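Colleague: One file is attached below, run25.txt, containing compact mmCIF, C-alpha atoms.
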```txt
# COMPACT_ATOMS: atom_id res chain seq x y z
CA MET A 1 27.80 35.01 68.93
CA SER A 2 29.06 31.92 70.73
CA GLU A 3 27.51 29.76 67.94
CA GLU A 4 29.57 31.55 65.33
CA ARG A 5 32.67 31.07 67.37
CA THR A 6 31.93 27.37 67.78
CA ALA A 7 31.40 27.03 64.00
CA TYR A 8 34.69 28.77 63.34
CA ARG A 9 36.50 26.38 65.67
CA ILE A 10 34.92 23.35 63.99
CA LYS A 11 35.96 24.68 60.59
CA GLN A 12 39.53 25.20 61.82
CA ALA A 13 39.61 21.71 63.26
CA LEU A 14 38.33 20.22 59.94
CA ASN A 15 40.85 22.19 57.90
CA HIS A 16 43.60 21.05 60.21
CA GLY A 17 42.33 17.48 59.98
CA LEU A 18 42.54 17.60 56.15
CA GLU A 19 46.30 17.61 56.43
CA ASP A 20 46.17 14.27 58.24
CA ILE A 21 43.86 12.43 55.72
CA PRO A 22 45.63 9.47 54.14
CA GLU A 23 46.44 9.70 50.42
CA SER A 24 44.12 6.77 49.52
CA THR A 25 41.14 8.34 51.29
CA SER A 26 41.79 11.65 49.55
CA ARG A 27 41.78 9.91 46.13
CA ARG A 28 38.51 8.10 46.89
CA LEU A 29 36.85 11.36 47.93
CA ALA A 30 38.03 13.09 44.73
CA ALA A 31 36.73 10.19 42.61
CA ALA A 32 33.35 10.27 44.38
CA ARG A 33 33.12 14.04 43.75
CA GLN A 34 33.85 13.62 40.04
CA LEU A 35 31.26 10.88 39.76
CA ALA A 36 28.62 13.04 41.47
CA LEU A 37 29.40 15.96 39.17
CA SER A 38 29.24 13.82 36.00
CA ARG A 39 25.82 12.45 36.96
CA GLN A 40 24.52 15.91 37.70
CA LYS A 41 25.56 17.10 34.21
CA GLN A 42 23.76 14.22 32.47
CA GLU A 43 20.49 14.82 34.21
CA ALA A 44 20.27 18.50 33.33
CA PRO A 45 19.14 18.24 29.61
CA ALA A 46 16.90 15.20 30.12
CA LEU A 47 13.34 15.34 28.77
CA ILE A 48 10.95 16.24 31.57
CA MET A 49 7.78 14.27 31.48
CA ALA A 50 4.90 14.48 33.89
CA THR A 51 4.54 11.53 36.21
CA THR A 52 2.33 10.79 39.15
CA HIS A 53 5.22 11.22 41.55
CA GLY A 54 6.66 14.33 39.95
CA GLN A 55 9.68 12.33 38.85
CA SER A 56 10.88 12.53 35.27
CA TRP A 57 10.71 9.52 33.00
CA ALA A 58 14.39 9.93 32.33
CA ALA A 59 15.21 10.00 36.01
CA ARG A 60 13.41 6.72 36.52
CA HIS A 61 14.74 5.04 33.37
CA GLY A 62 18.40 5.91 33.41
CA ASP A 63 20.22 8.10 30.92
CA TRP A 64 17.56 8.27 28.14
CA HIS A 65 17.09 11.69 26.58
CA LEU A 66 16.02 13.28 23.26
CA SER A 67 18.09 15.49 21.04
CA PRO A 68 16.77 19.07 20.64
CA VAL A 69 16.03 18.43 16.93
CA ILE A 70 13.73 15.52 17.71
CA LYS A 71 12.04 17.56 20.44
CA GLN A 72 11.27 20.24 17.87
CA LEU A 73 10.01 17.71 15.32
CA LEU A 74 7.73 15.85 17.75
CA PRO A 75 4.83 18.36 17.66
CA ILE A 76 4.98 18.47 13.85
CA ILE A 77 4.99 14.67 13.62
CA ALA A 78 2.09 14.51 16.07
CA LEU A 79 0.16 17.07 13.98
CA LEU A 80 0.77 15.14 10.74
CA VAL A 81 -0.28 11.85 12.31
CA GLY A 82 -3.43 13.50 13.69
CA MET A 83 -4.28 14.96 10.29
CA TRP A 84 -3.77 11.62 8.56
CA ILE A 85 -6.04 9.88 11.08
CA ALA A 86 -8.74 12.52 10.36
CA PHE A 87 -8.29 12.04 6.59
CA TYR A 88 -8.38 8.26 7.01
CA TRP A 89 -11.64 8.50 8.93
CA HIS A 90 -13.14 10.80 6.29
CA SER A 91 -12.05 8.44 3.51
CA LEU A 92 -13.65 5.46 5.30
CA GLN A 93 -16.98 7.31 5.47
CA TYR A 94 -16.78 8.51 1.86
CA ILE A 95 -15.88 5.11 0.40
CA GLN A 96 -18.57 3.39 2.45
CA GLN A 97 -21.20 5.71 0.94
CA LEU A 98 -19.82 5.07 -2.55
CA GLU A 99 -19.94 1.30 -1.99
CA GLN A 100 -23.51 1.53 -0.81
CA VAL A 101 -24.74 3.55 -3.80
CA ASP A 102 -22.71 1.72 -6.44
CA SER A 103 -23.58 -1.78 -5.24
CA ALA A 104 -27.30 -0.89 -5.12
CA LEU A 105 -27.16 0.82 -8.53
CA LEU A 106 -25.36 -2.10 -10.18
CA ALA A 107 -27.73 -4.66 -8.65
CA GLU A 108 -30.84 -2.63 -9.61
CA ASP A 109 -33.43 -4.03 -12.07
CA LEU A 110 -32.95 -0.96 -14.24
CA PRO A 111 -29.60 -0.78 -16.03
CA PRO A 112 -27.21 2.09 -15.19
CA GLU A 113 -27.83 3.65 -18.64
CA VAL A 114 -31.29 4.72 -17.43
CA PHE A 115 -29.61 6.90 -14.82
CA LEU A 116 -26.91 8.14 -17.18
CA ASP A 117 -29.30 10.08 -19.44
CA LYS A 118 -31.13 12.53 -17.23
CA ASP A 119 -33.41 13.68 -20.07
CA VAL A 120 -34.68 10.16 -20.73
CA PHE A 121 -35.05 9.52 -17.02
CA GLU A 122 -37.11 12.67 -16.49
CA TRP A 123 -39.22 11.82 -19.53
CA LEU A 124 -39.90 8.37 -18.08
CA LEU A 125 -40.65 9.91 -14.72
CA ASP A 126 -43.21 12.31 -16.17
CA ASP A 127 -46.57 10.64 -15.53
CA THR A 128 -48.71 13.27 -17.29
CA PRO A 129 -51.35 11.44 -19.35
CA GLU A 130 -51.51 12.17 -23.06
CA GLU A 131 -54.21 14.61 -24.14
CA MET B 132 -54.56 16.83 -10.62
CA ALA B 133 -52.92 19.94 -9.18
CA ILE B 134 -51.64 17.91 -6.23
CA ARG B 135 -50.28 15.31 -8.62
CA ARG B 136 -48.39 17.92 -10.62
CA HIS B 137 -47.07 19.46 -7.42
CA THR B 138 -45.81 16.09 -6.25
CA ARG B 139 -44.14 15.48 -9.59
CA GLY B 140 -42.41 18.84 -9.32
CA ILE B 141 -41.04 17.96 -5.92
CA ILE B 142 -39.79 14.61 -7.19
CA LEU B 143 -38.12 16.18 -10.21
CA SER B 144 -36.47 18.79 -8.05
CA LEU B 145 -35.22 16.07 -5.71
CA CYS B 146 -33.63 14.39 -8.71
CA LEU B 147 -31.93 17.58 -9.75
CA THR B 148 -30.66 18.71 -6.36
CA GLY B 149 -26.94 19.10 -5.72
CA SER B 150 -24.51 16.30 -6.15
CA ALA B 151 -23.62 14.32 -3.04
CA PHE B 152 -20.63 12.81 -4.83
CA ALA B 153 -18.55 15.23 -6.82
CA ALA B 154 -16.91 13.80 -9.91
CA GLU B 155 -13.52 13.98 -8.20
CA PRO B 156 -13.17 12.89 -4.56
CA PRO B 157 -11.91 15.42 -1.99
CA THR B 158 -8.12 15.56 -1.61
CA SER B 159 -8.39 14.60 2.05
CA VAL B 160 -10.10 11.34 1.01
CA VAL B 161 -7.39 10.57 -1.55
CA ILE B 162 -4.65 11.22 1.04
CA GLY B 163 -6.49 9.29 3.74
CA THR B 164 -6.92 6.12 1.67
CA PRO B 165 -4.09 3.72 2.44
CA PRO B 166 -2.45 1.69 -0.37
CA GLN B 167 -4.65 -1.16 -1.58
CA PRO B 168 -3.60 -4.62 -2.79
CA SER B 169 -2.61 -5.30 -6.38
CA TRP B 170 -4.54 -7.90 -8.39
CA SER B 171 -2.11 -10.70 -7.48
CA GLN B 172 -2.51 -9.91 -3.77
CA LEU B 173 -6.31 -10.36 -3.81
CA THR B 174 -7.80 -13.56 -2.41
CA PRO B 175 -9.12 -16.10 -4.95
CA GLN B 176 -12.67 -15.21 -3.87
CA GLN B 177 -12.10 -11.48 -4.45
CA GLN B 178 -10.52 -12.23 -7.83
CA SER B 179 -13.50 -14.36 -8.80
CA ILE B 180 -16.05 -11.66 -7.88
CA LEU B 181 -14.05 -8.82 -9.42
CA SER B 182 -12.91 -10.82 -12.48
CA PRO B 183 -14.43 -8.30 -14.97
CA LEU B 184 -11.97 -5.73 -13.60
CA ALA B 185 -8.90 -8.00 -13.74
CA SER B 186 -7.19 -6.22 -16.65
CA ASP B 187 -7.81 -2.74 -15.24
CA TRP B 188 -7.31 -3.42 -11.54
CA ASN B 189 -3.65 -2.42 -11.24
CA ASN B 190 -4.40 0.91 -12.93
CA LEU B 191 -7.21 1.83 -10.54
CA GLU B 192 -6.59 4.43 -7.83
CA ASN B 193 -6.46 3.22 -4.22
CA LEU B 194 -9.81 4.80 -3.51
CA ARG B 195 -11.58 2.91 -6.32
CA ARG B 196 -9.84 -0.36 -5.41
CA ARG B 197 -11.06 0.06 -1.83
CA LYS B 198 -14.60 0.74 -3.08
CA TRP B 199 -14.64 -2.37 -5.30
CA LEU B 200 -13.28 -4.48 -2.43
CA GLY B 201 -16.18 -3.17 -0.34
CA ILE B 202 -18.64 -4.09 -3.09
CA ALA B 203 -17.05 -7.57 -3.22
CA GLU B 204 -17.75 -7.89 0.51
CA ARG B 205 -21.42 -6.98 -0.05
CA TYR B 206 -21.62 -9.37 -3.02
CA SER B 207 -22.25 -12.47 -0.91
CA SER B 208 -25.38 -10.91 0.63
CA MET B 209 -26.98 -10.33 -2.83
CA SER B 210 -29.37 -12.68 -4.59
CA GLY B 211 -28.06 -14.74 -7.50
CA GLU B 212 -29.84 -12.45 -9.97
CA GLN B 213 -28.32 -9.35 -8.40
CA GLN B 214 -24.86 -10.93 -8.37
CA ALA B 215 -25.16 -11.67 -12.10
CA ARG B 216 -26.25 -8.07 -12.80
CA VAL B 217 -23.39 -6.62 -10.77
CA GLN B 218 -20.79 -8.71 -12.59
CA GLU B 219 -22.33 -7.98 -15.98
CA ARG B 220 -22.31 -4.21 -15.39
CA MET B 221 -19.07 -3.93 -13.44
CA ARG B 222 -16.70 -3.40 -16.35
CA GLU B 223 -18.94 -0.95 -18.18
CA TRP B 224 -19.48 1.05 -14.98
CA ALA B 225 -15.75 1.21 -14.27
CA SER B 226 -15.09 2.46 -17.81
CA LEU B 227 -17.40 5.49 -17.44
CA THR B 228 -15.91 8.90 -16.73
CA PRO B 229 -16.05 10.16 -13.12
CA GLU B 230 -18.57 12.80 -14.24
CA GLN B 231 -20.89 10.18 -15.75
CA ARG B 232 -20.73 8.02 -12.65
CA SER B 233 -21.41 11.02 -10.45
CA LYS B 234 -24.49 12.04 -12.48
CA ALA B 235 -25.82 8.48 -12.57
CA ARG B 236 -25.45 8.17 -8.79
CA ASP B 237 -27.36 11.38 -8.20
CA THR B 238 -30.16 10.37 -10.56
CA TYR B 239 -30.33 6.95 -8.94
CA LYS B 240 -30.59 8.50 -5.49
CA GLY B 241 -33.50 10.61 -6.76
CA PHE B 242 -35.13 7.46 -8.14
CA ASN B 243 -34.68 5.71 -4.81
CA ARG B 244 -36.61 8.47 -3.05
CA LEU B 245 -39.67 7.92 -5.24
CA PRO B 246 -42.68 6.07 -3.83
CA ALA B 247 -42.69 2.37 -4.72
CA ASP B 248 -45.59 2.66 -7.21
CA GLN B 249 -43.79 5.38 -9.16
CA GLN B 250 -40.62 3.32 -9.23
CA ARG B 251 -42.69 0.45 -10.64
CA LEU B 252 -44.14 2.71 -13.36
CA VAL B 253 -40.67 3.88 -14.39
CA ARG B 254 -39.52 0.25 -14.60
CA GLU B 255 -42.51 -0.71 -16.74
CA LYS B 256 -42.02 2.27 -19.03
CA TRP B 257 -38.34 1.49 -19.39
CA GLU B 258 -39.05 -2.12 -20.30
CA ALA B 259 -41.40 -0.99 -23.07
CA TYR B 260 -39.10 1.83 -24.17
CA ASN B 261 -36.08 -0.42 -24.34
CA ASN B 262 -37.85 -2.67 -26.85
CA LEU B 263 -38.10 0.18 -29.38
CA SER B 264 -35.58 0.92 -32.11
CA ASP B 265 -33.41 4.02 -31.72
CA ASP B 266 -35.55 5.94 -34.25
CA GLU B 267 -38.77 4.99 -32.51
CA LYS B 268 -37.33 5.99 -29.15
CA LEU B 269 -36.42 9.40 -30.49
CA ARG B 270 -39.80 9.96 -32.21
CA LEU B 271 -41.68 8.86 -29.14
CA ARG B 272 -39.70 11.14 -26.83
CA GLU B 273 -40.16 14.13 -29.13
CA ASN B 274 -43.87 13.69 -29.79
CA ASN B 275 -45.37 11.83 -26.88
CA LYS B 276 -45.56 11.58 -23.14
CA SER B 277 -43.94 8.52 -21.63
CA SER B 278 -47.35 7.38 -20.35
CA ARG B 279 -47.99 6.21 -23.91
CA LEU B 280 -45.57 3.37 -23.20
CA LEU B 281 -48.02 1.94 -20.68
CA ARG B 282 -50.86 1.53 -23.16
CA SER B 283 -51.80 -2.02 -23.96
CA PRO B 284 -50.28 -3.51 -27.15
CA ALA B 285 -53.80 -3.86 -28.61
CA THR B 286 -54.44 -0.11 -28.30
CA ASN B 287 -51.08 0.67 -29.83
CA SER B 288 -51.70 -1.74 -32.69
CA ALA B 289 -55.01 -0.07 -33.44
CA GLU B 290 -53.37 3.35 -33.45
CA SER B 291 -50.31 2.34 -35.41
CA ALA B 292 -52.20 2.65 -38.67
CA THR B 293 -52.90 6.34 -38.02
CA SER B 294 -49.94 7.48 -36.00
CA SER B 295 -46.33 7.51 -37.16
CA THR B 296 -45.10 7.69 -33.58
CA SER B 297 -46.72 4.51 -32.32
CA PRO B 298 -44.29 2.20 -30.61
CA ALA B 299 -44.48 -0.53 -33.24
CA ALA B 300 -42.01 -2.59 -31.25
CA TYR B 301 -44.88 -3.61 -28.99
CA GLU B 302 -46.00 -5.85 -31.79
CA LYS B 303 -42.52 -6.94 -32.75
CA PRO B 304 -40.08 -6.68 -29.86
CA GLN B 305 -36.52 -5.67 -30.71
CA PRO B 306 -33.46 -7.36 -29.23
CA ASP B 307 -32.30 -6.09 -25.89
CA GLN B 308 -30.15 -3.03 -26.47
CA ARG B 309 -29.10 -2.36 -22.94
CA ASN B 310 -25.50 -3.30 -23.46
CA LYS B 311 -24.96 -1.18 -26.53
```
Let me see whether you can do it: turn the structure in this file into structure tokens.
Modeller:
Amino acid sequence: MSEERTAYRIKQALNHGLEDIPESTSRRLAAARQLALSRQKQEAPALIMATTHGQSWAARHGDWHLSPVIKQLLPIIALLVGMWIAFYWHSLQYIQQLEQVDSALLAEDLPPEVFLDKDVFEWLLDDTPEE
Amino acid sequence: MAIRRHTRGIILSLCLTGSAFAAEPPTSVVIGTPPQPSWSQLTPQQQSILSPLASDWNNLENLRRRKWLGIAERYSSMSGEQQARVQERMREWASLTPEQRSKARDTYKGFNRLPADQQRLVREKWEAYNNLSDDEKLRLRENNKSSRLLRSPATNSAESATSSTSPAAYEKPQPDQRNK
């Protein structure tokens, strides 16, 4: 009970003291309050990114932040890039196999026309002796 | 004999098994192939190796350009004879339809799986077959087994008097018709 009474007295004393604060000090306090409020508003929409110290990237690097549209597009862009990398890898494998077969076929003793006509090729392949 | 026929059946079936390369490449491969250089952007060495394709190069799809650039890279590791063959056949090969190239690749892969002695026999038969005229080729294929091509010229000469299907070209070789 006595603590509450003490707190009340301190509050009264502070309120009373406010009347005696010089005009210049009052202006500086108001400016500091506005500055604190403006910084608090800027930090609120900043992109939160995981860091080792639990501190956001934006918090450590100033006022950087992403617009909501870009934030929505990021997963789609990431998906498209991932798909293209998979397609690129597939195309590398496919073309490498084509190169291998075509270069061997073109360098072969037998001309490509042997392999173009399957009937002739199978006839040549047939090693049945004549009766 | 039965084992031999069985083996031949396996080999033939290997030749006829499904296509590893479809006539048209998968869409994912087309999308995944980045733009390739135009003819003027190729190095002088690449232009020299791929010179038979010079007039068609800028009309080729990115995928085929990339493939030919890969073949140009392999070119330096080939023997002189192989390099000459590749350049000689390059233009003709590029002018085939995708379906024809796809079939030829599959047949070639079947040929590559054959034992070396069978590959040699096919080469020998082809050499003899290729010396025949078109009519003789057709008659021989319709009436005879290809093993007839491996008979000695003397035997064929002796038989030519009695058989209308004898490969007379053994006695009088015809010009090379491979590039027709």
Colleague: Residues of chain B within 7 Å of chain A, counting all atoms listed in the file - could you list those as a ChimeraX atom specification?
Modeller: /B:159-160,162-164,198,201-202,213-214,216-217,220,231,234-236,238-239,253-254,256,276-279
Colleague: Could you write those residues out with C-alpha atoms, as a short mmCIF file (atom, residue, chain, number, x, y, z; two decimals), keeping the file's coordinate frame?
Modeller:
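Written file, again-v8.cif:
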```cif
data_model
loop_
_atom_site.label_atom_id
_atom_site.label_comp_id
_atom_site.auth_asym_id
_atom_site.auth_seq_id
_atom_site.Cartn_x
_atom_site.Cartn_y
_atom_site.Cartn_z
CA SER B 159 -8.39 14.60 2.05
CA VAL B 160 -10.10 11.34 1.01
CA ILE B 162 -4.65 11.22 1.04
CA GLY B 163 -6.49 9.29 3.74
CA THR B 164 -6.92 6.12 1.67
CA LYS B 198 -14.60 0.74 -3.08
CA GLY B 201 -16.18 -3.17 -0.34
CA ILE B 202 -18.64 -4.09 -3.09
CA GLN B 213 -28.32 -9.35 -8.40
CA GLN B 214 -24.86 -10.93 -8.37
CA ARG B 216 -26.25 -8.07 -12.80
CA VAL B 217 -23.39 -6.62 -10.77
CA ARG B 220 -22.31 -4.21 -15.39
CA GLN B 231 -20.89 10.18 -15.75
CA LYS B 234 -24.49 12.04 -12.48
CA ALA B 235 -25.82 8.48 -12.57
CA ARG B 236 -25.45 8.17 -8.79
CA THR B 238 -30.16 10.37 -10.56
CA TYR B 239 -30.33 6.95 -8.94
CA VAL B 253 -40.67 3.88 -14.39
CA ARG B 254 -39.52 0.25 -14.60
CA LYS B 256 -42.02 2.27 -19.03
CA LYS B 276 -45.56 11.58 -23.14
CA SER B 277 -43.94 8.52 -21.63
CA SER B 278 -47.35 7.38 -20.35
CA ARG B 279 -47.99 6.21 -23.91
#
```
Colleague: Figure out the distance between CA of Asp266 (chain B) and CA of Arg282 (chain B), please, to one decimal in Å.
Modeller: 19.4 Å
Colleague: To one decimal in Å, tell me the separation between CA of Gln176 (chain B) and CA of Ser208 (chain B).
Modeller: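 Spanning CA of Gln176 (chain B) to CA of Ser208 (chain B) is a straight-line distance of 14.2 Å.
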Colleague: Pick out the closest residue to Glu192 (chain B) from this set: B:Leu271, B:Ala259, B:Ala247, B:Ala225. Count only C-alpha atoms.
Modeller: B:Ala225
Colleague: One number please: CA of Ile180 (chain B) to CA of Ala203 (chain B), in Å, one decimal.
Modeller: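 Pair CA of Ile180 (chain B) / CA of Ala203 (chain B) returns 6.3 Å.
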Colleague: Which residues are near Gln178 (chain B)? Cut-off 12 Å, only C-alpha atoms, ignore same chain within fewer than 4 positions. Put them as a list in words.
Modeller: Pro168, Ser169, Trp170, Ser171, Gln172, Leu173, Thr174, Ser182, Pro183, Leu184, Ala185, Ser186, Trp188, Trp199, Leu200, Ala203, Glu204 and Gln218 of chain B
Colleague: Create the file for the chosen residues now, containing C-alpha atoms and written as a compact mmCIF listing (two decimals), keeping the file's coordinate frame.
Modeller:
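This went into out_34.txt:
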```
# COMPACT_ATOMS: atom_id res chain seq x y z
CA PRO B 168 -3.60 -4.62 -2.79
CA SER B 169 -2.61 -5.30 -6.38
CA TRP B 170 -4.54 -7.90 -8.39
CA SER B 171 -2.11 -10.70 -7.48
CA GLN B 172 -2.51 -9.91 -3.77
CA LEU B 173 -6.31 -10.36 -3.81
CA THR B 174 -7.80 -13.56 -2.41
CA SER B 182 -12.91 -10.82 -12.48
CA PRO B 183 -14.43 -8.30 -14.97
CA LEU B 184 -11.97 -5.73 -13.60
CA ALA B 185 -8.90 -8.00 -13.74
CA SER B 186 -7.19 -6.22 -16.65
CA TRP B 188 -7.31 -3.42 -11.54
CA TRP B 199 -14.64 -2.37 -5.30
CA LEU B 200 -13.28 -4.48 -2.43
CA ALA B 203 -17.05 -7.57 -3.22
CA GLU B 204 -17.75 -7.89 0.51
CA GLN B 218 -20.79 -8.71 -12.59
```
